[in-house]
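Q: Input file: my_file.cif. Contents: mmCIF, C-alpha atoms.
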data_my_file
loop_
_atom_site.label_atom_id
_atom_site.label_comp_id
_atom_site.auth_asym_id
_atom_site.auth_seq_id
_atom_site.Cartn_x
_atom_site.Cartn_y
_atom_site.Cartn_z
CA MET A 1081 -190.46 7.26 -16.15
CA PRO A 1082 -189.61 8.09 -12.51
CA THR A 1083 -187.82 5.63 -10.26
CA LYS A 1084 -190.21 3.97 -7.82
CA ASP A 1085 -189.72 2.32 -4.46
CA VAL A 1086 -190.47 -1.39 -4.59
CA LEU A 1087 -190.56 -3.75 -1.62
CA LEU A 1088 -189.77 -7.37 -2.45
CA VAL A 1089 -190.51 -9.92 0.26
CA GLY A 1090 -188.59 -13.19 0.05
CA LEU A 1091 -185.02 -13.28 -1.23
CA GLY A 1092 -184.90 -16.91 -2.32
CA ALA A 1093 -184.22 -18.07 -5.87
CA VAL A 1094 -187.21 -16.43 -7.59
CA GLY A 1095 -187.01 -13.34 -5.39
CA THR A 1096 -183.32 -12.86 -6.13
CA ILE A 1097 -183.74 -13.05 -9.91
CA TYR A 1098 -186.67 -10.63 -9.94
CA ALA A 1099 -184.94 -8.26 -7.52
CA TYR A 1100 -181.99 -8.28 -9.92
CA ILE A 1101 -184.29 -7.68 -12.92
CA LEU A 1102 -186.06 -4.77 -11.25
CA GLN A 1103 -182.88 -3.14 -10.04
CA SER A 1104 -181.26 -3.58 -13.46
CA SER A 1105 -184.12 -1.64 -15.02
CA LYS A 1106 -183.01 1.47 -13.10
CA LEU A 1107 -186.72 2.20 -12.71
CA ALA A 1108 -186.98 0.69 -9.24
CA ARG A 1109 -185.26 1.11 -5.89
CA VAL A 1110 -185.58 -2.39 -4.50
CA THR A 1111 -185.84 -2.92 -0.77
CA ALA A 1112 -185.59 -6.68 -0.27
CA VAL A 1113 -186.68 -8.59 2.81
CA ALA A 1114 -184.34 -11.52 3.39
CA ARG A 1115 -185.58 -13.59 6.28
CA SER A 1116 -183.78 -16.88 6.89
CA ASN A 1117 -180.73 -15.87 4.80
CA TYR A 1118 -180.40 -12.25 5.95
CA ASP A 1119 -177.12 -12.65 7.85
CA VAL A 1120 -175.18 -14.32 5.04
CA VAL A 1121 -176.61 -12.03 2.34
CA ASN A 1122 -175.91 -8.94 4.42
CA THR A 1123 -172.32 -10.07 4.98
CA LYS A 1124 -171.41 -11.64 1.64
CA GLY A 1125 -174.13 -10.67 -0.82
CA ILE A 1126 -175.68 -13.15 -3.26
CA ASN A 1127 -173.79 -15.02 -5.95
CA ILE A 1128 -175.98 -15.15 -9.06
CA ARG A 1129 -175.05 -17.71 -11.72
CA SER A 1130 -177.38 -17.11 -14.64
CA LYS A 1131 -177.16 -18.30 -18.23
CA LYS A 1132 -179.25 -15.27 -19.20
CA TYR A 1133 -177.94 -12.46 -16.97
CA GLY A 1134 -174.41 -13.67 -16.37
CA THR A 1135 -172.45 -14.24 -13.17
CA HIS A 1136 -172.61 -11.64 -10.41
CA GLU A 1137 -170.62 -12.17 -7.24
CA SER A 1138 -171.69 -10.59 -3.95
CA TRP A 1139 -174.70 -8.87 -5.51
CA LYS A 1140 -177.04 -6.89 -3.27
CA PRO A 1141 -180.29 -5.00 -3.84
CA TYR A 1142 -180.60 -1.24 -3.24
CA ARG A 1143 -181.53 -1.94 0.40
CA LEU A 1144 -181.59 -5.12 2.45
CA VAL A 1145 -183.71 -5.64 5.58
CA SER A 1146 -184.45 -8.64 7.77
CA SER A 1147 -188.22 -8.16 8.19
CA VAL A 1148 -191.22 -6.40 6.73
CA ALA A 1149 -191.51 -4.40 9.95
CA GLU A 1150 -188.04 -2.97 9.32
CA ALA A 1151 -189.09 -1.84 5.84
CA VAL A 1152 -192.18 0.23 6.66
CA ASP A 1153 -190.30 3.53 6.94
CA ARG A 1154 -191.46 4.73 3.50
CA PRO A 1155 -194.29 4.33 1.00
CA TYR A 1156 -194.00 1.81 -1.83
CA SER A 1157 -195.51 1.80 -5.28
CA TYR A 1158 -195.36 -2.00 -5.39
CA VAL A 1159 -194.99 -4.74 -2.81
CA ILE A 1160 -193.89 -7.97 -4.49
CA LEU A 1161 -194.31 -11.21 -2.59
CA THR A 1162 -192.11 -14.10 -3.76
CA THR A 1163 -192.46 -16.35 -0.72
CA LYS A 1164 -194.23 -19.69 -1.03
CA ALA A 1165 -197.99 -19.55 -0.43
CA ILE A 1166 -198.48 -21.95 2.48
CA PRO A 1167 -201.60 -20.74 4.33
CA GLU A 1168 -201.61 -23.67 6.75
CA VAL A 1169 -198.30 -22.31 8.10
CA ILE A 1170 -198.73 -18.55 7.73
CA LYS A 1171 -201.24 -16.43 5.87
CA THR A 1172 -200.22 -13.65 3.50
CA SER A 1173 -201.90 -11.07 5.74
CA GLN A 1174 -199.61 -12.18 8.58
CA VAL A 1175 -196.48 -11.94 6.41
CA LEU A 1176 -197.44 -8.41 5.36
CA GLU A 1177 -199.07 -7.36 8.64
CA PRO A 1178 -196.84 -4.27 9.21
CA LEU A 1179 -198.10 -2.84 5.90
CA LEU A 1180 -201.72 -3.56 6.78
CA SER A 1181 -201.76 -1.91 10.20
CA SER A 1182 -200.92 1.34 11.95
CA PRO A 1183 -198.79 3.40 11.62
CA TYR A 1184 -198.09 2.46 7.97
CA SER A 1185 -201.74 2.13 6.93
CA GLU A 1186 -202.53 5.57 8.38
CA ARG A 1187 -199.50 7.40 6.99
CA HIS A 1188 -199.31 5.92 3.50
CA PRO A 1189 -201.71 4.75 0.79
CA GLN A 1190 -201.83 1.04 0.17
CA PRO A 1191 -199.43 -0.09 -2.56
CA THR A 1192 -200.20 -2.35 -5.48
CA TYR A 1193 -199.48 -5.88 -4.31
CA VAL A 1194 -197.86 -8.32 -6.75
CA LEU A 1195 -198.03 -12.02 -5.90
CA LEU A 1196 -195.30 -14.02 -7.65
CA GLN A 1197 -196.70 -17.22 -6.21
CA ASN A 1198 -197.90 -20.58 -7.44
CA GLY A 1199 -201.39 -21.84 -6.78
CA LEU A 1200 -205.02 -20.79 -6.84
CA GLY A 1201 -206.82 -18.57 -4.35
CA VAL A 1202 -203.57 -17.09 -3.05
CA GLU A 1203 -205.03 -13.57 -3.34
CA ARG A 1204 -208.19 -13.98 -1.22
CA ASP A 1205 -206.73 -13.51 2.23
CA LEU A 1206 -204.78 -10.39 1.22
CA TYR A 1207 -207.78 -8.95 -0.63
CA HIS A 1208 -210.01 -9.12 2.45
CA SER A 1209 -207.29 -7.67 4.68
CA VAL A 1210 -206.70 -4.66 2.42
CA LYS A 1211 -210.43 -4.20 1.84
CA ALA A 1212 -210.96 -3.95 5.61
CA LEU A 1213 -208.76 -0.83 5.69
CA ASN A 1214 -211.45 1.12 3.80
CA GLN A 1215 -208.99 2.68 1.39
CA GLY A 1216 -210.85 1.72 -1.75
CA GLU A 1217 -210.70 -1.40 -3.89
CA PRO A 1218 -207.48 -3.36 -3.27
CA LYS A 1219 -205.00 -3.36 -6.14
CA ILE A 1220 -203.57 -6.88 -6.46
CA ILE A 1221 -201.67 -8.23 -9.44
CA SER A 1222 -201.79 -11.98 -9.93
CA THR A 1223 -199.05 -13.68 -11.91
CA VAL A 1224 -197.95 -16.83 -13.64
CA VAL A 1225 -194.19 -17.21 -13.44
CA TRP A 1226 -192.16 -19.49 -15.70
CA ILE A 1227 -188.57 -19.67 -14.52
CA GLY A 1228 -185.86 -22.23 -13.90
CA THR A 1229 -183.94 -21.18 -10.82
CA ASN A 1230 -182.74 -22.88 -7.63
CA LEU A 1231 -181.26 -21.68 -4.37
CA VAL A 1232 -178.29 -24.03 -4.07
CA GLU A 1233 -176.88 -22.33 -0.98
CA LYS A 1234 -178.30 -19.60 1.22
CA ASN A 1235 -176.57 -16.97 -0.91
CA VAL A 1236 -176.02 -18.82 -4.21
CA VAL A 1237 -178.68 -18.80 -6.93
CA ASP A 1238 -178.52 -20.79 -10.17
CA HIS A 1239 -180.70 -19.57 -13.05
CA ASN A 1240 -181.06 -21.02 -16.53
CA HIS A 1241 -181.68 -19.14 -19.78
CA PHE A 1242 -185.29 -17.98 -19.40
CA ASP A 1243 -187.79 -16.18 -17.23
CA ARG A 1244 -191.20 -15.00 -18.30
CA VAL A 1245 -194.25 -13.85 -16.41
CA ASN A 1246 -197.92 -13.28 -17.17
CA ILE A 1247 -199.44 -10.46 -15.11
CA GLY A 1248 -203.09 -9.52 -14.63
CA MET A 1249 -205.37 -7.80 -12.14
CA TYR A 1250 -207.09 -9.88 -9.49
CA ARG A 1251 -210.85 -9.28 -9.58
CA HIS A 1252 -212.41 -10.78 -6.48
CA GLY A 1253 -215.58 -12.70 -7.28
CA ASP A 1254 -215.56 -11.53 -10.91
CA HIS A 1255 -215.26 -14.37 -13.43
CA LEU A 1256 -216.89 -12.60 -16.38
CA THR A 1257 -214.78 -9.52 -17.14
CA THR A 1258 -212.62 -10.14 -20.21
CA THR A 1259 -210.97 -6.75 -20.72
CA ASN A 1260 -208.75 -4.51 -18.61
CA SER A 1261 -210.05 -1.12 -17.58
CA PRO A 1262 -207.87 1.92 -18.38
CA GLU A 1263 -206.75 2.05 -14.72
CA GLU A 1264 -205.89 -1.65 -14.71
CA ASP A 1265 -204.04 -1.35 -18.01
CA ALA A 1266 -202.00 1.59 -16.69
CA ILE A 1267 -200.94 -0.35 -13.57
CA LEU A 1268 -200.02 -3.47 -15.53
CA THR A 1269 -198.15 -1.51 -18.19
CA ASP A 1270 -196.16 0.34 -15.54
CA LEU A 1271 -195.03 -2.85 -13.80
CA GLY A 1272 -194.50 -4.59 -17.13
CA THR A 1273 -192.24 -1.79 -18.32
CA MET A 1274 -190.02 -2.14 -15.27
CA LEU A 1275 -189.70 -5.89 -15.76
CA THR A 1276 -189.08 -5.80 -19.52
CA THR A 1277 -186.56 -2.98 -19.17
CA GLY A 1278 -184.71 -5.16 -16.68
CA GLY A 1279 -184.61 -8.00 -19.20
CA SER A 1280 -187.58 -10.21 -18.38
CA GLU A 1281 -190.33 -11.32 -20.77
CA VAL A 1282 -193.79 -10.08 -19.78
CA THR A 1283 -197.29 -10.75 -21.08
CA ILE A 1284 -200.25 -8.71 -19.85
CA ALA A 1285 -203.33 -10.89 -19.42
CA THR A 1286 -206.96 -9.81 -19.31
CA GLU A 1287 -208.09 -12.99 -17.51
CA ILE A 1288 -205.13 -14.00 -15.36
CA GLN A 1289 -207.02 -16.68 -13.41
CA ARG A 1290 -207.34 -18.78 -16.56
CA LYS A 1291 -203.56 -18.60 -16.95
CA LYS A 1292 -203.08 -19.52 -13.28
CA PHE A 1293 -205.40 -22.50 -13.66
CA ALA A 1294 -203.31 -23.83 -16.54
CA LYS A 1295 -200.04 -23.28 -14.61
CA THR A 1296 -201.49 -25.04 -11.59
CA PHE A 1297 -202.14 -28.15 -13.68
CA TRP A 1298 -198.58 -27.90 -14.96
CA ASN A 1299 -197.42 -27.94 -11.32
CA ILE A 1300 -199.70 -30.87 -10.56
CA ALA A 1301 -198.26 -32.81 -13.48
CA PHE A 1302 -194.58 -32.09 -12.95
CA SER A 1303 -194.01 -30.91 -9.37
CA SER A 1304 -196.18 -33.56 -7.72
CA PHE A 1305 -194.65 -36.52 -9.55
CA SER A 1306 -191.12 -35.17 -9.11
CA THR A 1307 -191.66 -34.71 -5.39
CA LEU A 1308 -193.21 -38.12 -4.84
CA THR A 1309 -190.61 -39.99 -6.92
CA GLY A 1310 -187.60 -37.88 -5.98
CA SER A 1311 -186.78 -37.50 -9.68
CA SER A 1312 -186.31 -34.58 -12.04
CA PRO A 1313 -189.15 -33.90 -14.54
CA THR A 1314 -186.96 -35.26 -17.34
CA ALA A 1315 -187.64 -38.74 -15.94
CA MET A 1316 -191.30 -38.45 -16.95
CA PHE A 1317 -190.63 -38.48 -20.69
CA ARG A 1318 -190.34 -41.70 -22.68
CA PRO A 1319 -190.38 -42.70 -26.37
CA PRO A 1320 -193.73 -42.69 -28.24
CA PRO A 1321 -195.79 -45.88 -27.86
CA LYS A 1322 -195.18 -48.70 -30.29
CA GLU A 1323 -197.80 -49.80 -32.77
CA GLY A 1324 -200.79 -51.23 -30.96
CA GLN A 1325 -199.64 -49.74 -27.62
CA SER A 1326 -201.32 -46.82 -25.86
CA TYR A 1327 -200.38 -44.64 -22.91
CA SER A 1328 -203.83 -43.02 -22.70
CA PRO A 1329 -205.47 -43.48 -19.25
CA TYR A 1330 -209.18 -43.62 -18.51
CA VAL A 1331 -210.74 -40.17 -18.12
CA ALA A 1332 -214.15 -39.47 -16.59
CA PRO A 1333 -216.66 -38.32 -19.25
CA GLN A 1334 -217.47 -35.05 -17.46
CA THR A 1335 -213.77 -34.17 -17.32
CA ALA A 1336 -212.74 -35.01 -20.88
CA PRO A 1337 -214.33 -32.15 -22.91
CA ASN A 1338 -212.73 -29.28 -21.00
CA THR A 1339 -209.82 -30.46 -18.90
CA ILE A 1340 -208.05 -32.79 -21.32
CA PRO A 1341 -207.53 -30.13 -24.04
CA VAL A 1342 -206.02 -27.83 -21.41
CA LEU A 1343 -203.64 -30.51 -20.17
CA ARG A 1344 -202.71 -31.50 -23.73
CA ALA A 1345 -201.99 -27.86 -24.61
CA ILE A 1346 -199.80 -27.47 -21.52
CA LEU A 1347 -197.76 -30.56 -22.35
CA GLN A 1348 -197.43 -29.54 -26.00
CA GLU A 1349 -196.12 -26.16 -24.87
CA MET A 1350 -193.57 -27.83 -22.64
CA ILE A 1351 -192.42 -29.99 -25.54
CA ALA A 1352 -192.26 -27.00 -27.90
CA LEU A 1353 -190.15 -25.08 -25.39
CA GLU A 1354 -188.04 -28.19 -24.74
CA LEU A 1355 -188.53 -27.69 -21.01
CA HIS A 1356 -187.75 -30.74 -18.87
CA ARG A 1357 -187.47 -33.04 -21.91
CA ASP A 1358 -183.80 -32.20 -22.43
CA PRO A 1359 -181.58 -34.35 -20.14
CA ALA A 1360 -179.32 -31.32 -19.76
CA HIS A 1361 -182.15 -29.44 -18.06
CA THR A 1362 -181.04 -29.62 -14.42
CA ALA A 1363 -183.42 -27.21 -12.67
CA LEU A 1364 -185.64 -29.04 -10.20
CA PRO A 1365 -189.20 -28.10 -9.17
CA SER A 1366 -189.18 -26.03 -6.00
CA MET A 1367 -191.66 -28.43 -4.41
CA LEU A 1368 -189.15 -31.28 -4.72
CA LEU A 1369 -186.33 -29.15 -3.30
CA ASP A 1370 -188.50 -28.01 -0.40
CA ALA A 1371 -189.46 -31.60 0.42
CA GLN A 1372 -185.82 -32.73 0.26
CA ASN A 1373 -184.80 -29.87 2.55
CA GLY A 1374 -187.52 -30.51 5.10
CA LEU A 1375 -189.40 -27.32 4.23
CA PRO A 1376 -193.19 -26.93 3.88
CA ILE A 1377 -194.56 -27.48 0.37
CA GLU A 1378 -197.34 -25.71 -1.57
CA VAL A 1379 -199.75 -28.61 -1.34
CA GLU A 1380 -202.90 -26.69 -0.36
CA VAL A 1381 -202.81 -23.88 -2.92
CA ILE A 1382 -201.86 -26.18 -5.79
CA LEU A 1383 -203.62 -29.51 -5.17
CA GLY A 1384 -205.97 -28.70 -2.31
CA GLU A 1385 -207.61 -25.82 -4.16
CA VAL A 1386 -208.18 -27.95 -7.27
CA VAL A 1387 -209.70 -30.78 -5.23
CA ARG A 1388 -211.99 -28.38 -3.37
CA MET A 1389 -213.00 -26.72 -6.64
CA ALA A 1390 -213.74 -30.10 -8.21
CA ASN A 1391 -215.80 -31.22 -5.21
CA GLU A 1392 -217.82 -28.02 -5.35
CA LEU A 1393 -218.55 -28.57 -9.05
CA ARG A 1394 -219.04 -32.33 -8.56
CA VAL A 1395 -216.25 -33.28 -10.93
CA ASP A 1396 -214.36 -36.51 -10.21
CA VAL A 1397 -210.58 -36.03 -9.96
CA PRO A 1398 -209.44 -39.30 -8.32
CA ARG A 1399 -205.80 -39.07 -9.48
CA ILE A 1400 -205.40 -35.51 -8.20
CA GLU A 1401 -207.05 -36.54 -4.91
CA THR A 1402 -204.50 -39.35 -4.60
CA LEU A 1403 -201.59 -36.98 -5.25
CA TYR A 1404 -203.07 -34.54 -2.74
CA ALA A 1405 -203.34 -37.22 -0.06
CA LEU A 1406 -199.77 -38.45 -0.61
CA LEU A 1407 -198.27 -34.95 -0.61
CA ALA A 1408 -200.30 -34.10 2.50
CA ILE A 1409 -198.41 -36.90 4.29
CA ILE A 1410 -195.10 -35.27 3.35
CA GLN A 1411 -196.46 -31.92 4.54
CA ASN A 1412 -197.65 -33.32 7.86
CA GLN A 1413 -194.29 -35.01 8.46
CA THR A 1414 -192.53 -31.72 7.75
CA LEU A 1415 -194.78 -29.63 9.96
CA GLY A 1416 -194.44 -32.26 12.70
CA GLY A 1417 -190.69 -31.81 12.70
CA PHE A 1418 -189.81 -35.21 11.26
CA ARG A 1419 -188.08 -33.81 8.13
CA GLN A 1420 -185.21 -31.48 8.95
CA PRO A 1421 -183.99 -28.65 6.65
CA LYS A 1422 -180.61 -29.19 4.97
CA LEU A 1423 -179.91 -25.57 4.02
#
Spit out the file's structure as structure tokens when you get a sec.

A:
Amino acid sequence: MPTKDVLLVGLGAVGTIYAYILQSSKLARVTAVARSNYDVVNTKGINIRSKKYGTHESWKPYRLVSSVAEAVDRPYSYVILTTKAIPEVIKTSQVLEPLLSSPYSERHPQPTYVLLQNGLGVERDLYHSVKALNQGEPKIISTVVWIGTNLVEKNVVDHNHFDRVNIGMYRHGDHLTTTNSPEEDAILTDLGTMLTTGGSEVTIATEIQRKKFAKTFWNIAFSSFSTLTGSSPTAMFRPPPKEGQSYSPYVAPQTAPNTIPVLRAILQEMIALELHRDPAHTALPSMLLDAQNGLPIEVEVILGEVVRMANELRVDVPRIETLYALLAIIQNQTLGGFRQPKL
């Protein structure tokens, strides 16, 4: 399998771990775009402290650049975006604009884009931008990432013992296809091979949006409450109810048949994996860390999209609407400059 050029945009915690995984596979030459932490990473490298991959002092990718514009001197097989999806601040098409315009778009074919991002609808803006180039159907891989990693300093990343990712092709406006075409399967297998060779755990999905929907509710359950209470997810767990006691809340009849089994399955999975229930689990949701550091949070793509979807389908989601409204206050305070970054 030949070595391929891969552009990774966003060298934070998730970006660093996946840049390390890809480079360790020896199947990828990773050009990484470090934006806010470029100077320190360029000078000192990144210190990775991982329970899975070990400790690596002053680690650097194959090539380090400070902007996407600086990286468009060559074609890429894959462009992997690990930045937060915050469309109210900047759209994906703006982040990747040098790849979507001349001279790059005229000299090179469009790469396969891989969005390692939370939330729903994060692919739409990029899809329309690539489609407008008239170079055929855009190739976009959607993902669901499960990982415990934090950026504790601008060039120090802590990572626990696991990382796994579901990958699948984004099919704009298609909610009925349940199998991958041979072309889709080839693309997903190629990327999956690079990631698994580097040490990650990969599952190829045929309907990735269903997986993303489930992960979004996981984020709603854990990230939202952690951010609003300032507590780690471990604080949410408590002993089983005593005899005659119940923790079950009221659920609207139209929501119960479909949504509740999904939420129950998500929570059962978290218990089975012992994620967040173990007091020794110290990784914090990135939404909480961003709020604490005065950085924008992923409120629109996680909660806003679910609320808009529910309104369109006339499904009552009063608790999610409440969480959305409260987190929107935090977002507005941040964007208004009233919450200052610590890092």

Q: Can you tell me which residues surround region 1379-1391 of chain A at a distance of at most 8 Å, considering all atoms listed in the file, apart from same-chain residues fewer than 6 positions away, and format the answer as a list in words?

A: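 Answer for this query is Ala1165, Ile1166, Pro1167, Glu1168, Asn1198, Gly1199, Leu1200, Gly1201, Val1202, Thr1296, Asn1299, Ile1300, Val1397, Ile1400, Glu1401, Leu1403, Tyr1404, Leu1407, Ala1408 and Gln1411 of chain A.
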
Q: Calculated over all atoms listed in the file, which of the candidates A:His1188, A:Arg1143, A:Lys1234, A:His1255 has the smallest distance to Ile1126 (chain A)?

A: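 Counting all atoms listed in the file, the residue closest to Ile1126 (chain A) is A:Lys1234.
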
Q: Tell me, in Å to one decimal, how far CA of Ile1247 (chain A) is from CA of Ala1149 (chain A).

A: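 So the two atoms, CA of Ile1247 (chain A) and CA of Ala1149 (chain A), lie 27.0 Å apart.
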
Q: Could you check the closest approach to Gly1125 (chain A) for each of A:Met1274, A:Val1237, A:Leu1179, A:Leu1161 and tell me which residue wins, using all atoms listed in the file?

A: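 Selected residue with least distance to Gly1125 (chain A): A:Val1237.
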
Q: Restricting the calculation to all atoms listed in the file, which member of A:Glu1378, A:Ile1284, A:Thr1269, A:Ile1160 is positioned closest to Met1081 (chain A)?

A: A:Thr1269

Q: Which residue gives the smallest distance to Gly1228 (chain A) among A:Ser1209, A:Gln1197, A:Thr1414, A:Ser1366, with only C-alpha atoms counted?

A: A:Ser1366

Q: Which residues fall under the PyMOL selection byres ((chain A and resi 1288) around 9) in this file, as a list in words?

A: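 That expression, the PyMOL selection byres ((chain A and resi 1288) around 9), corresponds here to Ile1221, Ser1222, Thr1223, Val1224, Asn1246, Ile1247, Gly1248, Met1249, Tyr1250, Ile1284, Ala1285, Thr1286, Glu1287, Gln1289, Arg1290, Lys1291, Lys1292 and Phe1293 of chain A.
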
Q: Find the residue from A:Asp1270, A:Asp1085, A:Asp1396, A:Glu1137 that sits nearest to Pro1191 (chain A); use only C-alpha atoms when measuring.

A: A:Asp1085

Q: What does the distance between CA of Trp1139 (chain A) and CA of Tyr1184 (chain A) come to in Å, to one decimal place?

A: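 Separating CA of Trp1139 (chain A) from CA of Tyr1184 (chain A) is a distance of 29.3 Å.
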
Q: Using only C-alpha atoms, which residues sit within 9 Å of Lys1124 (chain A) once same-chain residues fewer than 3 positions away are excluded, as an MDAnalysis selection string?

A: chainID A and resid 1119:1121 1127 1137:1140 1235

Q: Can you measure CA of Val1282 (chain A) to CA of Asn1240 (chain A) for me? One decimal in Å is fine.

A: 17.1 Å

Q: Starting from the shown file, work through the PyMOL selection byres ((chain A and resi 1242) around 9) and note down what comes out as a ChimeraX atom specification.

A: /A:1131-1132,1226-1228,1239-1241,1243-1244,1280-1281

Q: What residues come out when you apply the PyMOL selection byres ((chain A and resi 1083) around 9) to this file, written as a PDB file with C-alpha atoms, in the coordinates of the input?

A:
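Just written: result.pdb:
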ATOM      1  CA  MET A1081    -190.460   7.260 -16.150  1.00  0.00           C
ATOM      2  CA  PRO A1082    -189.610   8.090 -12.510  1.00  0.00           C
ATOM      3  CA  LYS A1084    -190.210   3.970  -7.820  1.00  0.00           C
ATOM      4  CA  ASP A1085    -189.720   2.320  -4.460  1.00  0.00           C
ATOM      5  CA  LYS A1106    -183.010   1.470 -13.100  1.00  0.00           C
ATOM      6  CA  LEU A1107    -186.720   2.200 -12.710  1.00  0.00           C
ATOM      7  CA  ALA A1108    -186.980   0.690  -9.240  1.00  0.00           C
ATOM      8  CA  ARG A1109    -185.260   1.110  -5.890  1.00  0.00           C
TER       9      ARG A1109
END

Q: Pick out the closest residue to Asn1214 (chain A) from this set: A:Ser1261, A:Thr1276, A:Ser1185, A:Ser1311. Count all atoms listed in the file.

A: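 Among the listed residues, the smallest separation from Asn1214 (chain A) belongs to A:Ser1185.
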